[in-house]
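Note sheet for the following structure.
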Amino acid sequence: MGRVGAAGDDAAMESFFSLLQKNVLDRRAWTSRQQLRIEIVTWIERTYHRRRRQAGLGRLTPIEYETITHTTAAQAA
């Protein structure tokens with residue numbers, strides 16, 4: 001994070017929480033915190049991480065990166 005008051009500091013987290021709110025929290029009423037916790041973790045692992053572009057992978061999603069590296073490795077073999 002940058003200096004206090006920098007406009008782009010919280011943009012990534014605000015985007016993440018907006019998606020979480022829309023895709024998990026607002027979908028239904030939750031009967032327990034444990035049930036909500038499991039649903040949040042499941043959404044992050046199954047949906048968010050698989051679609052999010054990652055700087056460490058050259059701005060590719062994990063699925064795109066695996067497809068490229070698997071294809072390259074198969075051609076090299």
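A note on labels: chains of the structure tokens are A, B, ... as shown, every chain counts residues from 1, and ligands are counted from 1 in their shown order.
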- Do a neighbour search on A:Asn23 at 12 Å with only C-alpha atoms, toss out local chain neighbours closer than 3 positions, and write the hits as an MDAnalysis selection string. chainID A and resid 16:20 26:28 39:40 42:44 47:48
- Query: What separation in Å, quoted to one decimal, exists between atom CA of A:His70 and atom CA of A:Arg46?
  - Reply: 20.6 Å
- Message: Can you measure atom CA of A:Met13 to atom CA of A:His49 for me? One decimal in Å is fine.
- Response: 13.9 Å
- Item | Straight-line distance linking atom CA of A:Glu66 with atom CA of A:Arg52, stated in Å to one decimal |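 If I compute the distance from atom CA of A:Glu66 to atom CA of A:Arg52, I get 13.7 Å.
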- Task: Would you mind listing what lies within 9 Å of A:Pro62 as an NGL selection string, with only C-alpha atoms counted and same-chain residues fewer than 3 positions away left out?
- Result: :A and (49-54 or 57 or 65-67)
Using only N, CA and C atoms, please write the residues we just selected to a file, as an mmCIF file, in the first residue's frame.
```cif
data_model
loop_
_atom_site.group_PDB
_atom_site.id
_atom_site.type_symbol
_atom_site.label_atom_id
_atom_site.label_comp_id
_atom_site.auth_asym_id
_atom_site.auth_seq_id
_atom_site.Cartn_x
_atom_site.Cartn_y
_atom_site.Cartn_z
ATOM 1 N N HIS A 49 -10.004 -17.347 -6.976
ATOM 2 C CA HIS A 49 -8.596 -17.597 -7.286
ATOM 3 C C HIS A 49 -8.392 -18.191 -8.681
ATOM 4 N N ARG A 50 -9.364 -18.908 -9.170
ATOM 5 C CA ARG A 50 -9.224 -19.525 -10.493
ATOM 6 C C ARG A 50 -9.451 -18.539 -11.621
ATOM 7 N N ARG A 51 -10.170 -17.431 -11.361
ATOM 8 C CA ARG A 51 -10.460 -16.444 -12.402
ATOM 9 C C ARG A 51 -9.601 -15.191 -12.321
ATOM 10 N N ARG A 52 -9.010 -14.952 -11.156
ATOM 11 C CA ARG A 52 -8.262 -13.710 -10.945
ATOM 12 C C ARG A 52 -6.936 -13.747 -11.692
ATOM 13 N N ARG A 53 -6.644 -12.677 -12.407
ATOM 14 C CA ARG A 53 -5.364 -12.559 -13.099
ATOM 15 C C ARG A 53 -4.292 -12.262 -12.067
ATOM 16 N N GLN A 54 -3.160 -12.950 -12.171
ATOM 17 C CA GLN A 54 -2.120 -12.830 -11.163
ATOM 18 C C GLN A 54 -0.830 -12.307 -11.782
ATOM 19 N N LEU A 57 2.021 -14.659 -12.601
ATOM 20 C CA LEU A 57 1.817 -15.562 -13.740
ATOM 21 C C LEU A 57 1.755 -14.779 -15.057
ATOM 22 N N TYR A 65 -2.577 -20.074 -17.399
ATOM 23 C CA TYR A 65 -1.160 -20.370 -17.206
ATOM 24 C C TYR A 65 -0.888 -21.875 -17.297
ATOM 25 N N GLU A 66 -1.723 -22.669 -16.649
ATOM 26 C CA GLU A 66 -1.538 -24.123 -16.689
ATOM 27 C C GLU A 66 -1.728 -24.665 -18.103
ATOM 28 N N THR A 67 -2.670 -24.108 -18.840
ATOM 29 C CA THR A 67 -2.889 -24.540 -20.214
ATOM 30 C C THR A 67 -1.675 -24.259 -21.084
#
```
- Query: Would you give me, as JSON, numbers by chain, the residues in chain A that DSSP reads as helix (DSSP H, G or I)?
  - Reply: {"A": [11, 12, 13, 14, 15, 16, 17, 18, 19, 20, 21, 22, 23, 24, 25, 33, 34, 35, 36, 37, 38, 39, 40, 41, 42, 43, 44, 45, 46, 47, 48, 49, 50, 51, 55, 56, 57, 62, 63, 64, 65, 66, 67, 68, 69, 70, 71, 72, 73, 74, 75, 76]}
